[in-house]
$ cat query36.txt   # compact mmCIF, C-alpha atoms and all ligand atoms
# COMPACT_ATOMS: atom_id res chain seq x y z
CA MET A 1 77.76 183.39 -148.20
CA ASP A 2 74.35 181.77 -148.65
CA HIS A 3 71.39 183.70 -147.36
CA ASP A 4 68.28 181.72 -146.61
CA ARG A 5 65.11 182.86 -148.23
CA PRO A 6 62.38 184.07 -145.92
CA HIS A 7 60.29 180.99 -145.23
CA SER A 8 57.36 179.78 -143.24
CA ARG A 9 59.21 179.99 -139.92
CA GLU A 10 59.28 183.71 -140.50
CA TYR A 11 55.61 183.83 -140.81
CA ASP A 12 54.83 181.37 -138.02
CA GLN A 13 56.87 183.27 -135.53
CA ASP A 14 54.88 186.33 -136.26
CA ARG A 15 51.47 184.74 -136.31
CA ASP A 16 50.34 185.94 -132.93
CA ARG A 17 51.65 189.41 -133.59
CA ARG A 18 49.62 189.58 -136.75
CA ASN A 19 46.55 191.30 -135.36
CA VAL A 20 48.15 194.64 -136.13
CA ARG A 21 46.27 196.86 -138.50
CA ASP A 22 46.39 195.42 -141.98
CA HIS A 23 48.77 197.38 -144.06
CA GLU A 24 48.92 197.89 -147.74
CA GLN A 25 52.20 197.18 -149.48
CA ASP A 26 54.46 200.15 -149.38
CA CYS A 27 51.95 202.33 -147.64
CA HIS A 28 50.78 201.92 -144.14
CA HIS A 29 53.59 200.36 -142.25
CA ASP A 30 53.97 201.88 -138.85
CA PHE A 31 57.23 203.08 -137.44
CA ARG A 32 56.02 203.71 -133.90
CA GLY A 33 58.31 202.04 -131.46
CA ARG A 34 61.20 202.09 -133.84
CA ASP A 35 64.41 201.99 -131.91
CA SER A 36 67.03 202.93 -134.46
CA ARG A 37 65.58 206.32 -135.19
CA ASP A 38 68.15 208.41 -133.41
CA SER A 39 71.03 206.11 -133.96
CA ARG A 40 72.50 207.54 -137.10
CA ASN A 41 74.65 210.17 -135.46
CA SER A 42 75.55 208.11 -132.46
CA GLY A 43 77.80 205.92 -134.54
CA ASP A 44 75.22 203.14 -134.59
CA HIS A 45 74.72 203.55 -138.29
CA GLN A 46 78.06 201.87 -138.64
CA ASP A 47 76.12 198.76 -137.64
CA SER A 48 74.50 198.73 -141.03
CA ARG A 49 77.83 197.56 -142.34
CA HIS A 50 78.62 194.15 -141.03
CA PRO A 51 82.31 193.69 -140.11
CA ARG A 52 82.67 191.21 -142.96
CA ASP A 53 81.06 193.72 -145.26
CA LEU A 54 83.51 196.29 -144.10
CA HIS A 55 86.30 193.90 -144.94
CA GLU A 56 84.86 193.09 -148.38
CA PHE A 57 84.24 196.73 -148.99
CA ARG A 58 87.84 197.68 -148.23
CA GLU A 59 89.15 194.80 -150.26
CA ARG A 60 87.11 195.84 -153.26
CA GLU A 61 88.16 199.41 -152.87
CA ARG A 62 91.75 198.30 -152.88
CA ASP A 63 91.27 195.85 -155.72
CA PRO A 64 88.88 196.89 -158.43
CA SER A 65 90.17 193.98 -160.50
CA THR A 66 86.93 192.08 -159.87
CA TYR A 67 86.39 193.66 -163.26
CA ALA A 68 88.41 192.11 -166.03
CA ARG A 69 89.55 195.06 -168.02
CA ARG A 70 89.09 198.75 -167.51
CA THR A 71 89.01 201.17 -170.37
CA HIS A 72 88.17 204.14 -168.24
CA ASP A 73 89.91 207.48 -168.69
CA ASP A 74 89.77 208.97 -165.21
CA THR A 75 90.62 212.49 -166.29
CA ARG A 76 87.71 213.13 -168.62
CA ASP A 77 85.17 215.77 -167.61
CA ARG A 78 86.59 216.06 -164.11
CA ASP A 79 85.96 219.76 -163.71
CA ARG A 80 82.62 219.94 -165.32
CA PRO A 81 79.92 219.21 -162.76
CA TYR A 82 77.95 222.14 -164.11
CA GLY A 83 79.75 222.05 -167.42
CA PRO A 84 78.52 222.53 -170.94
CA PRO A 85 75.16 221.20 -172.07
CA PRO A 86 75.17 217.41 -172.33
CA PRO A 87 75.64 215.88 -175.75
CA ALA A 88 72.48 215.02 -177.62
CA ALA A 89 73.03 211.29 -177.04
CA ALA A 90 72.76 211.78 -173.28
CA ASP A 91 69.53 213.72 -173.73
CA ASP A 92 68.21 210.94 -175.93
CA ARG A 93 69.00 208.32 -173.32
CA ALA A 94 67.27 210.33 -170.59
CA ARG A 95 64.27 210.77 -172.89
CA ALA A 96 64.16 207.02 -173.58
CA VAL A 97 64.13 206.30 -169.83
CA ALA A 98 61.43 208.93 -169.30
CA LEU A 99 59.33 207.40 -172.10
CA HIS A 100 59.74 203.98 -170.56
CA TYR A 101 58.59 205.02 -167.11
CA ASN A 102 55.90 207.37 -168.40
CA ALA A 103 54.42 204.44 -170.31
CA ARG A 104 54.08 202.24 -167.24
CA PRO A 105 50.57 202.42 -165.84
CA GLN A 106 50.03 203.35 -162.21
CA ALA A 107 49.14 200.16 -160.36
CA THR A 108 45.99 200.09 -158.28
CA VAL A 109 45.77 198.18 -155.00
CA VAL A 110 44.13 195.28 -156.85
CA THR A 111 46.51 195.10 -159.82
CA ARG A 112 49.43 195.43 -157.43
CA GLN A 113 48.32 192.42 -155.44
CA ASP A 114 47.80 190.40 -158.62
CA SER A 115 51.31 191.11 -159.81
CA PRO A 116 53.56 188.08 -160.34
CA ILE A 117 56.24 190.00 -158.43
CA TYR A 118 54.02 191.24 -155.61
CA GLN A 119 56.19 189.80 -152.85
CA LEU A 120 59.37 191.11 -154.46
CA ARG A 121 57.85 194.60 -154.55
CA CYS A 122 56.92 194.24 -150.89
CA PHE A 123 60.42 193.02 -150.10
CA ASN A 124 61.97 196.00 -151.91
CA ASN A 125 59.67 198.31 -150.00
CA TRP A 126 60.67 196.67 -146.72
CA VAL A 127 64.35 197.26 -147.56
CA LYS A 128 63.65 200.93 -148.31
CA ALA A 129 61.54 201.30 -145.16
CA VAL A 130 64.34 199.91 -142.98
CA LEU A 131 66.86 202.15 -144.75
CA PHE A 132 64.64 205.19 -144.12
CA GLN A 133 64.26 204.20 -140.49
CA THR A 134 68.00 204.12 -140.13
CA TYR A 135 68.81 207.42 -141.81
CA LEU A 136 65.74 209.67 -141.72
CA ARG A 137 64.76 211.67 -138.69
CA ARG A 138 61.75 213.65 -137.62
CA ASN A 139 61.64 217.10 -139.25
CA ASP A 140 64.22 216.22 -141.88
CA ARG A 141 64.29 218.00 -145.20
CA VAL A 142 64.66 215.42 -147.95
CA LEU A 143 65.57 215.58 -151.63
CA ASP A 144 64.44 212.56 -153.68
CA MET A 145 66.14 212.41 -157.10
CA GLY A 146 64.25 209.82 -159.19
CA CYS A 147 61.08 209.64 -157.10
CA GLY A 148 59.08 207.87 -159.80
CA LYS A 149 55.32 207.74 -159.17
CA GLY A 150 55.74 208.54 -155.48
CA GLY A 151 56.00 205.01 -154.14
CA ASP A 152 57.94 206.25 -151.09
CA LEU A 153 55.54 208.99 -150.01
CA GLN A 154 54.00 206.94 -147.20
CA LYS A 155 57.46 206.03 -145.99
CA TYR A 156 58.28 209.73 -145.77
CA ARG A 157 55.08 210.29 -143.84
CA GLN A 158 55.95 207.52 -141.42
CA ALA A 159 59.41 209.03 -140.98
CA ASP A 160 57.70 212.32 -140.05
CA ILE A 161 59.87 214.45 -142.30
CA ARG A 162 59.22 218.17 -142.59
CA GLU A 163 59.70 218.79 -146.29
CA LEU A 164 60.28 216.88 -149.52
CA TYR A 165 61.62 217.97 -152.90
CA ALA A 166 60.91 215.13 -155.33
CA PHE A 167 62.28 215.14 -158.88
CA ASP A 168 62.10 212.71 -161.77
CA VAL A 169 62.84 212.93 -165.48
CA ALA A 170 59.49 211.25 -166.33
CA ASP A 171 56.86 214.00 -166.34
CA LYS A 172 53.87 211.64 -166.21
CA SER A 173 55.36 209.91 -163.18
CA ILE A 174 55.70 213.34 -161.56
CA ASP A 175 52.02 214.06 -162.31
CA GLN A 176 51.06 210.78 -160.66
CA ALA A 177 53.31 211.40 -157.66
CA THR A 178 51.78 214.87 -157.24
CA GLU A 179 48.27 213.46 -157.37
CA ARG A 180 49.21 210.71 -154.94
CA PHE A 181 50.52 213.31 -152.52
CA GLN A 182 47.44 215.50 -152.88
CA THR A 183 45.12 212.60 -152.12
CA MET A 184 47.23 211.29 -149.27
CA ARG A 185 45.61 211.31 -145.89
CA ASN A 186 47.53 212.75 -142.97
CA ALA A 187 50.47 214.04 -144.99
CA ARG A 188 52.22 216.10 -142.35
CA PHE A 189 54.99 217.33 -144.60
CA ARG A 190 55.23 219.82 -147.46
CA ALA A 191 56.20 218.48 -150.87
CA GLN A 192 57.27 219.91 -154.21
CA PHE A 193 57.43 217.78 -157.35
CA ARG A 194 59.28 218.66 -160.55
CA ALA A 195 60.01 216.93 -163.85
CA VAL A 196 63.79 217.41 -164.04
CA ASP A 197 66.64 215.48 -165.61
CA CYS A 198 68.88 215.13 -162.55
CA TYR A 199 71.83 213.56 -164.38
CA ASN A 200 72.22 215.93 -167.32
CA THR A 201 71.23 219.26 -165.80
CA SER A 202 71.72 221.22 -162.62
CA ILE A 203 68.69 221.07 -160.31
CA GLU A 204 69.66 224.42 -158.72
CA PRO A 205 66.97 226.43 -160.53
CA HIS A 206 64.31 224.14 -159.04
CA LEU A 207 65.38 224.59 -155.43
CA PRO A 208 64.47 227.44 -153.12
CA ARG A 209 67.24 229.80 -152.18
CA ASP A 210 69.31 228.79 -149.14
CA GLN A 211 67.46 225.54 -148.56
CA GLY A 212 69.67 222.72 -147.29
CA PHE A 213 68.79 219.03 -147.09
CA ASP A 214 69.39 216.49 -144.35
CA VAL A 215 69.05 213.48 -146.63
CA VAL A 216 69.18 212.86 -150.38
CA SER A 217 67.46 209.64 -151.43
CA MET A 218 67.92 207.84 -154.75
CA GLN A 219 65.98 204.59 -154.84
CA PHE A 220 66.45 202.16 -157.75
CA CYS A 221 67.53 204.93 -160.09
CA MET A 222 71.18 205.95 -159.68
CA HIS A 223 72.43 203.36 -162.19
CA TYR A 224 70.78 205.22 -165.07
CA ALA A 225 73.40 207.94 -164.61
CA PHE A 226 76.27 205.58 -165.35
CA SER A 227 76.13 205.89 -169.12
CA SER A 228 78.94 208.45 -168.79
CA GLU A 229 81.29 209.93 -166.23
CA GLN A 230 79.88 213.37 -166.98
CA GLN A 231 76.39 212.26 -165.95
CA VAL A 232 77.63 210.69 -162.72
CA ARG A 233 79.46 213.93 -161.92
CA GLN A 234 76.36 215.99 -162.62
CA MET A 235 74.33 213.66 -160.43
CA LEU A 236 76.86 213.93 -157.58
CA ALA A 237 76.99 217.71 -157.95
CA ASN A 238 73.19 217.75 -157.58
CA VAL A 239 73.29 215.35 -154.62
CA THR A 240 75.87 217.34 -152.70
CA ALA A 241 75.23 220.99 -153.61
CA ARG A 242 72.60 221.38 -150.87
CA LEU A 243 73.30 218.39 -148.63
CA ARG A 244 74.30 219.72 -145.22
CA PRO A 245 77.59 218.54 -143.68
CA GLY A 246 76.78 215.40 -141.71
CA GLY A 247 73.76 214.73 -143.96
CA PHE A 248 73.20 211.39 -145.69
CA PHE A 249 73.02 210.28 -149.28
CA ILE A 250 71.15 206.95 -149.31
CA GLY A 251 69.80 204.64 -151.96
CA THR A 252 69.39 201.28 -153.61
CA CYS A 253 70.82 200.18 -156.95
CA PRO A 254 71.86 197.08 -158.88
CA ASN A 255 74.98 195.40 -157.59
CA ALA A 256 77.46 195.17 -160.47
CA ASN A 257 79.56 192.51 -158.73
CA THR A 258 76.59 190.14 -158.55
CA ILE A 259 75.56 190.91 -162.12
CA VAL A 260 79.07 190.43 -163.52
CA ARG A 261 79.48 187.19 -161.56
CA LYS A 262 76.25 185.85 -163.03
CA LEU A 263 77.24 187.00 -166.51
CA ARG A 264 80.56 185.20 -166.24
CA HIS A 265 78.81 182.01 -165.17
CA ALA A 266 76.27 182.28 -167.98
CA ASP A 267 76.81 180.27 -171.16
CA GLY A 268 75.93 183.15 -173.40
CA LEU A 269 75.32 186.84 -172.98
CA GLU A 270 72.19 186.66 -170.86
CA PHE A 271 70.95 185.18 -167.64
CA GLY A 272 67.83 185.33 -165.51
CA ASN A 273 64.86 183.26 -164.43
CA SER A 274 61.09 183.20 -164.89
CA ILE A 275 60.67 186.82 -163.78
CA TYR A 276 63.79 188.65 -164.93
CA THR A 277 66.34 188.73 -167.75
CA VAL A 278 69.63 190.59 -167.95
CA LYS A 279 71.09 190.78 -171.44
CA PHE A 280 74.55 192.04 -172.44
CA THR A 281 75.93 192.53 -175.94
CA GLN A 282 79.44 191.32 -175.04
CA LYS A 283 81.38 190.05 -172.06
CA ASP A 284 84.98 190.85 -172.91
CA GLU A 285 85.18 194.55 -172.16
CA TYR A 286 84.27 196.04 -168.80
CA PRO A 287 84.33 199.83 -169.12
CA VAL A 288 83.71 201.79 -165.93
CA TYR A 289 81.06 203.99 -167.57
CA GLY A 290 78.61 203.19 -170.32
CA HIS A 291 78.62 199.46 -169.68
CA GLU A 292 75.11 198.90 -170.89
CA TYR A 293 72.81 195.95 -170.41
CA SER A 294 69.15 195.45 -171.01
CA PHE A 295 66.93 194.59 -168.05
CA ARG A 296 63.49 193.03 -168.08
CA LEU A 297 61.51 192.40 -164.91
CA VAL A 298 58.02 191.00 -165.37
CA ASP A 299 55.35 193.58 -164.65
CA ALA A 300 57.92 196.31 -163.94
CA VAL A 301 60.68 196.96 -166.48
CA ASP A 302 60.62 196.05 -170.18
CA ASP A 303 64.06 195.78 -171.67
CA CYS A 304 65.17 199.15 -170.40
CA PRO A 305 68.84 200.02 -170.99
CA GLU A 306 70.70 200.21 -167.69
CA TYR A 307 74.37 200.64 -166.77
CA LEU A 308 76.70 198.81 -164.42
CA VAL A 309 77.84 200.82 -161.42
CA HIS A 310 81.50 200.08 -160.80
CA TRP A 311 81.44 200.62 -157.04
CA PRO A 312 85.13 201.25 -156.27
CA SER A 313 85.30 203.95 -158.95
CA PHE A 314 82.07 205.48 -157.68
CA VAL A 315 83.33 205.58 -154.09
CA LYS A 316 86.52 207.23 -155.27
CA MET A 317 84.60 209.85 -157.20
CA ALA A 318 82.11 210.38 -154.35
CA ARG A 319 85.00 211.31 -152.04
CA GLU A 320 85.82 214.20 -154.38
CA TYR A 321 82.34 215.48 -153.57
CA ARG A 322 82.95 215.11 -149.82
CA LEU A 323 80.88 211.96 -149.49
CA ASP A 324 82.24 209.30 -147.13
CA PRO A 325 81.00 205.75 -147.75
CA ILE A 326 79.36 204.26 -144.65
CA ALA A 327 77.32 201.34 -145.98
CA HIS A 328 77.14 199.17 -149.08
CA GLN A 329 75.41 195.85 -148.72
CA GLY A 330 73.58 193.38 -150.97
CA PHE A 331 69.86 192.92 -150.28
CA HIS A 332 70.30 189.31 -149.13
CA HIS A 333 72.86 190.35 -146.61
CA PHE A 334 70.77 193.36 -145.59
CA TYR A 335 67.84 191.02 -144.97
CA THR A 336 69.95 188.68 -142.82
CA GLN A 337 71.22 191.57 -140.77
CA HIS A 338 67.92 193.39 -140.23
CA ILE A 339 65.19 190.78 -140.18
CA ASP A 340 65.28 190.06 -136.45
CA ARG A 341 64.81 193.69 -135.59
CA HIS A 342 62.24 194.42 -138.30
CA ARG A 343 60.26 191.20 -138.47
CA ASP A 344 56.94 192.84 -137.59
CA LEU A 345 57.35 195.29 -140.42
CA PHE A 346 58.21 192.42 -142.77
CA VAL A 347 54.86 190.81 -142.04
CA ARG A 348 52.89 194.04 -142.01
CA MET A 349 54.30 194.94 -145.42
CA LYS A 350 53.14 191.53 -146.66
CA VAL A 351 56.47 190.28 -147.88
CA VAL A 352 55.18 186.98 -146.51
CA THR A 353 51.53 186.09 -145.95
CA PRO A 354 49.63 183.00 -144.75
CA ASP A 355 48.96 182.11 -148.39
CA SER A 356 52.54 182.64 -149.43
CA PRO A 357 54.78 182.21 -146.40
CA THR A 358 57.91 182.02 -148.56
CA LEU A 359 59.41 184.54 -150.91
CA PRO A 360 59.44 182.50 -154.15
CA ALA A 361 62.94 181.45 -155.23
CA ASP A 362 62.92 183.43 -158.47
CA GLN A 363 61.87 186.62 -156.67
CA TRP A 364 64.49 186.06 -153.99
CA GLU A 365 67.14 185.65 -156.67
CA ALA A 366 66.02 188.87 -158.38
CA ALA A 367 66.18 190.71 -155.04
CA GLY A 368 69.80 189.58 -154.74
CA LEU A 369 70.75 191.70 -157.76
CA TYR A 370 70.46 194.86 -155.65
CA SER A 371 72.35 196.64 -152.88
CA ILE A 372 71.69 199.42 -150.42
CA PHE A 373 74.21 202.21 -149.99
CA ALA A 374 74.78 205.16 -147.69
CA PHE A 375 77.28 208.03 -147.72
CA GLN A 376 77.73 210.86 -145.25
CA LYS A 377 78.77 214.35 -146.24
CA THR A 378 81.90 215.56 -144.52
CA ASP A 379 82.44 219.12 -143.29
C1 LIG A 401 62.85 202.01 -161.00
S1 LIG A 401 62.24 203.63 -160.96
C2 LIG A 401 62.31 203.98 -159.21
C3 LIG A 401 61.31 205.01 -158.76
C4 LIG A 401 61.30 205.25 -157.23
N1 LIG A 401 62.55 205.82 -156.77
C5 LIG A 401 60.98 204.00 -156.48
O1 LIG A 401 61.83 203.49 -155.74
O2 LIG A 401 59.84 203.53 -156.60
C6 LIG A 401 63.58 204.58 -161.62
C7 LIG A 401 63.26 206.06 -161.76
O3 LIG A 401 64.44 206.77 -162.11
C8 LIG A 401 64.03 207.85 -162.92
N2 LIG A 401 65.16 208.43 -163.66
C9 LIG A 401 65.93 207.82 -164.60
N3 LIG A 401 66.79 208.69 -165.13
C10 LIG A 401 66.59 209.88 -164.50
C11 LIG A 401 67.18 211.20 -164.63
N4 LIG A 401 68.11 211.45 -165.54
N5 LIG A 401 66.72 212.18 -163.80
C12 LIG A 401 65.73 211.94 -162.91
N6 LIG A 401 65.12 210.74 -162.77
C13 LIG A 401 65.55 209.72 -163.55
C14 LIG A 401 63.02 207.18 -163.84
O4 LIG A 401 62.22 208.08 -164.54
C15 LIG A 401 62.25 206.32 -162.85
O5 LIG A 401 61.13 206.99 -162.32

$ encode --input "query36.txt" --output "C-alpha cells"
Amino acid sequence: MDHDRPHSREYDQDRDRRNVRDHEQDCHHDFRGRDSRDSRNSGDHQDSRHPRDLHEFRERERDPSTYARRTHDDTRDRDRPYGPPPPAAADDRARAVALHYNARPQATVVTRQDSPIYQLRCFNNWVKAVLFQTYLRRNDRVLDMGCGKGGDLQKYRQADIRELYAFDVADKSIDQATERFQTMRNARFRAQFRAVDCYNTSIEPHLPRDQGFDVVSMQFCMHYAFSSEQQVRQMLANVTARLRPGGFFIGTCPNANTIVRKLRHADGLEFGNSIYTVKFTQKDEYPVYGHEYSFRLVDAVDDCPEYLVHWPSFVKMAREYRLDPIAHQGFHHFYTQHIDRHRDLFVRMKVVTPDSPTLPADQWEAAGLYSIFAFQKTD
C-alpha cells in the first residue's frame, strides 16, 4: 500500500490551532487531553494493529519464506538466557557500538534544527510519543534498555511515570542522559542511569530487589542484539525478568521485510538515497541471526554494523518468554493510522512547519525503513 507523505494540507489544517506553546523537537509536546491514555487494558490497544496488519502479521508468522534461505539452527543456546559469559566477539561488537554512540556529539537546540534530517528526527519522536501515549500510564515504572543520550526523557515526563531505570552500553551517552535528567525542569519521576550491556549480560545486579516494571521500552536499539541468538535470548531474559504480567514491551526497530525488499530490487549490494545508505556484503544467504549490514544516516549513524530482525522467528522466541505480540506496524502505516488523532502533536513537534510543510521525500523513505512493535506479558 502507498502511504502519502505528510504534505501542506497537514499543515494548513492545523494553522489556526498553531498558537499552542511552541515546542522543541522531542521535548515539550503536551499530552493533556490525550484520549487513549487508559485504553491499553480495555482492549483498545488492539486498535494499533489495523485488521490488514493483523492479516499480514499472521501470514508472515505462518510463512517466514519472505526470506529466501534460512540457515538458522533453532536449538542453539536455547537454555542459556543467563548462560556462560559471551564470547569475546560479542563483547567486541558491543564495544564497537558503544564507541560509535559515545563518539556522537550531543546536539544542541541550534545544531538539531540545522540538521539535514531535522524533520525525520521530529517524525521519529512523534512516532515514539504516540507509542508512549498508547502504552504508558500515570505512575508507571519503566525500564528503558538502550536509552542513548536520554532523548525520551521529556516523553516520560509527559507520560507522568513514577520511576525510570535507563540503561545503555555507551557510558558517555549515559553520562549525557544523567546530566539531561538533572537539568530537566519539572521532572516528576525518579530515574537511575547505568552503563550496562543489556544483550550480553544480565541486568539483574543493576536493579533494586523486588522491583517490577509496567513497561520495558527499547527504541531504535533492539536490532543490535540480533548478531546472535544468544544475545537475543539474553535481551529477552532482561526484558521479561521484571516485567509484570500484563505489562508491555514496546519499541521501534528497522523492518527487515522492507530492507530485504529494497535489497532485492537493488542492482548491487546497496541502496539508499541522499540521506541514508544500507550496504550488504552479499544477498544470497539470509541467516536468521547475524545477518549484518552497514547503515549510514546523515548526521546520525556512520556506517554502524546492524543486524536484520527476522520478525517471525523473533515472535516465536518471544512467546517462550511469555510475550504475546499485539502490534507490529511499519512507520508509514503507523502514520496513516494515527495522524488524524495526533495531528496537533505532529505540528507541535515540528514534523511539519510553515517553512517546510512537507516531510522531504528522502526523509519519508528513510522513515519507512522502521516499524513499531508491542508485546504484552502473559500471566
Ligand atoms: C539509535 S540509538 C537509540 C537511543 C534511544 N533509544 C533513542 O531512541 O533516542 C541506539 C542505542 O542502542 C544502544 N545499544 C546498542 N547495543 C546495546 C547493548 N548491548 N546494550 C545496551 N544498549 C545498547 C546504543 O549505545 C545506542 O545508544

$ residues_near_ligand --input "query36.txt" --ligand "ligand LIG 401 (chain A)" --cutoff "8 Å" --atoms "all atoms listed in the file" --output "mmCIF file with C-alpha atoms, in the coordinates of the input"
data_model
loop_
_atom_site.group_PDB
_atom_site.id
_atom_site.type_symbol
_atom_site.label_atom_id
_atom_site.label_comp_id
_atom_site.auth_asym_id
_atom_site.auth_seq_id
_atom_site.Cartn_x
_atom_site.Cartn_y
_atom_site.Cartn_z
ATOM 1 C CA ALA A 94 67.270 210.330 -170.590
ATOM 2 C CA VAL A 97 64.130 206.300 -169.830
ATOM 3 C CA ALA A 98 61.430 208.930 -169.300
ATOM 4 C CA HIS A 100 59.740 203.980 -170.560
ATOM 5 C CA TYR A 101 58.590 205.020 -167.110
ATOM 6 C CA ASN A 102 55.900 207.370 -168.400
ATOM 7 C CA ASP A 144 64.440 212.560 -153.680
ATOM 8 C CA MET A 145 66.140 212.410 -157.100
ATOM 9 C CA GLY A 146 64.250 209.820 -159.190
ATOM 10 C CA CYS A 147 61.080 209.640 -157.100
ATOM 11 C CA GLY A 148 59.080 207.870 -159.800
ATOM 12 C CA LYS A 149 55.320 207.740 -159.170
ATOM 13 C CA GLY A 150 55.740 208.540 -155.480
ATOM 14 C CA GLY A 151 56.000 205.010 -154.140
ATOM 15 C CA ASP A 152 57.940 206.250 -151.090
ATOM 16 C CA PHE A 167 62.280 215.140 -158.880
ATOM 17 C CA ASP A 168 62.100 212.710 -161.770
ATOM 18 C CA VAL A 169 62.840 212.930 -165.480
ATOM 19 C CA ALA A 170 59.490 211.250 -166.330
ATOM 20 C CA SER A 173 55.360 209.910 -163.180
ATOM 21 C CA ALA A 195 60.010 216.930 -163.850
ATOM 22 C CA VAL A 196 63.790 217.410 -164.040
ATOM 23 C CA ASP A 197 66.640 215.480 -165.610
ATOM 24 C CA CYS A 198 68.880 215.130 -162.550
ATOM 25 C CA TYR A 199 71.830 213.560 -164.380
ATOM 26 C CA ASN A 200 72.220 215.930 -167.320
ATOM 27 C CA MET A 218 67.920 207.840 -154.750
ATOM 28 C CA GLN A 219 65.980 204.590 -154.840
ATOM 29 C CA PHE A 220 66.450 202.160 -157.750
ATOM 30 C CA CYS A 221 67.530 204.930 -160.090
ATOM 31 C CA MET A 222 71.180 205.950 -159.680
ATOM 32 C CA TYR A 224 70.780 205.220 -165.070
ATOM 33 C CA ALA A 225 73.400 207.940 -164.610
ATOM 34 C CA VAL A 301 60.680 196.960 -166.480
#

$ atom_distance --input "query36.txt" --atom1 "atom CA of A:Gln158" --atom2 "atom CA of A:Gln113"
22.0 Å

$ atom_distance --input "query36.txt" --atom1 "atom CA of A:Tyr286" --atom2 "atom CA of A:Asp324"
25.5 Å

$ atom_distance --input "query36.txt" --atom1 "atom CA of A:Val298" --atom2 "atom CA of A:Ile275"
5.2 Å

$ residues_around --input "query36.txt" --residues "A:Val260" --least-positions-apart "5" --cutoff "12 Å" --atoms "only C-alpha atoms" --output "ChimeraX atom specification"
/A:66-68,254-255,265-266,269-271,278-280,282-286,291-293,307-310,369

$ write_last_selection --input "query36.txt" --atoms "C-alpha atoms" --output "compact mmCIF listing (two decimals), in the frame of the given file"
# COMPACT_ATOMS: atom_id res chain seq x y z
CA THR A 66 86.93 192.08 -159.87
CA TYR A 67 86.39 193.66 -163.26
CA ALA A 68 88.41 192.11 -166.03
CA PRO A 254 71.86 197.08 -158.88
CA ASN A 255 74.98 195.40 -157.59
CA HIS A 265 78.81 182.01 -165.17
CA ALA A 266 76.27 182.28 -167.98
CA LEU A 269 75.32 186.84 -172.98
CA GLU A 270 72.19 186.66 -170.86
CA PHE A 271 70.95 185.18 -167.64
CA VAL A 278 69.63 190.59 -167.95
CA LYS A 279 71.09 190.78 -171.44
CA PHE A 280 74.55 192.04 -172.44
CA GLN A 282 79.44 191.32 -175.04
CA LYS A 283 81.38 190.05 -172.06
CA ASP A 284 84.98 190.85 -172.91
CA GLU A 285 85.18 194.55 -172.16
CA TYR A 286 84.27 196.04 -168.80
CA HIS A 291 78.62 199.46 -169.68
CA GLU A 292 75.11 198.90 -170.89
CA TYR A 293 72.81 195.95 -170.41
CA TYR A 307 74.37 200.64 -166.77
CA LEU A 308 76.70 198.81 -164.42
CA VAL A 309 77.84 200.82 -161.42
CA HIS A 310 81.50 200.08 -160.80
CA LEU A 369 70.75 191.70 -157.76

$ residues_around --input "query36.txt" --residues "A:Arg157" --least-positions-apart "2" --cutoff "10 Å" --atoms "all atoms listed in the file" --output "list in words"
Cys27, His28, Asp30, Phe31, Arg138, Asp152, Leu153, Gln154, Lys155, Ala159, Asp160, Ile161, Arg162, Glu163, Met184, Arg185, Asn186, Ala187, Arg188 and Phe189 of chain A

$ closest_residue --input "query36.txt" --among "A:Asp355, A:Asp344, A:Asp140, A:Glu306" --to "A:Asp214" --atoms "only C-alpha atoms"
A:Asp140

$ closest_residue --input "query36.txt" --among "A:Phe132, A:Tyr370, A:Phe181, A:Tyr321" --to "A:Ser217" --atoms "all atoms listed in the file"
A:Phe132
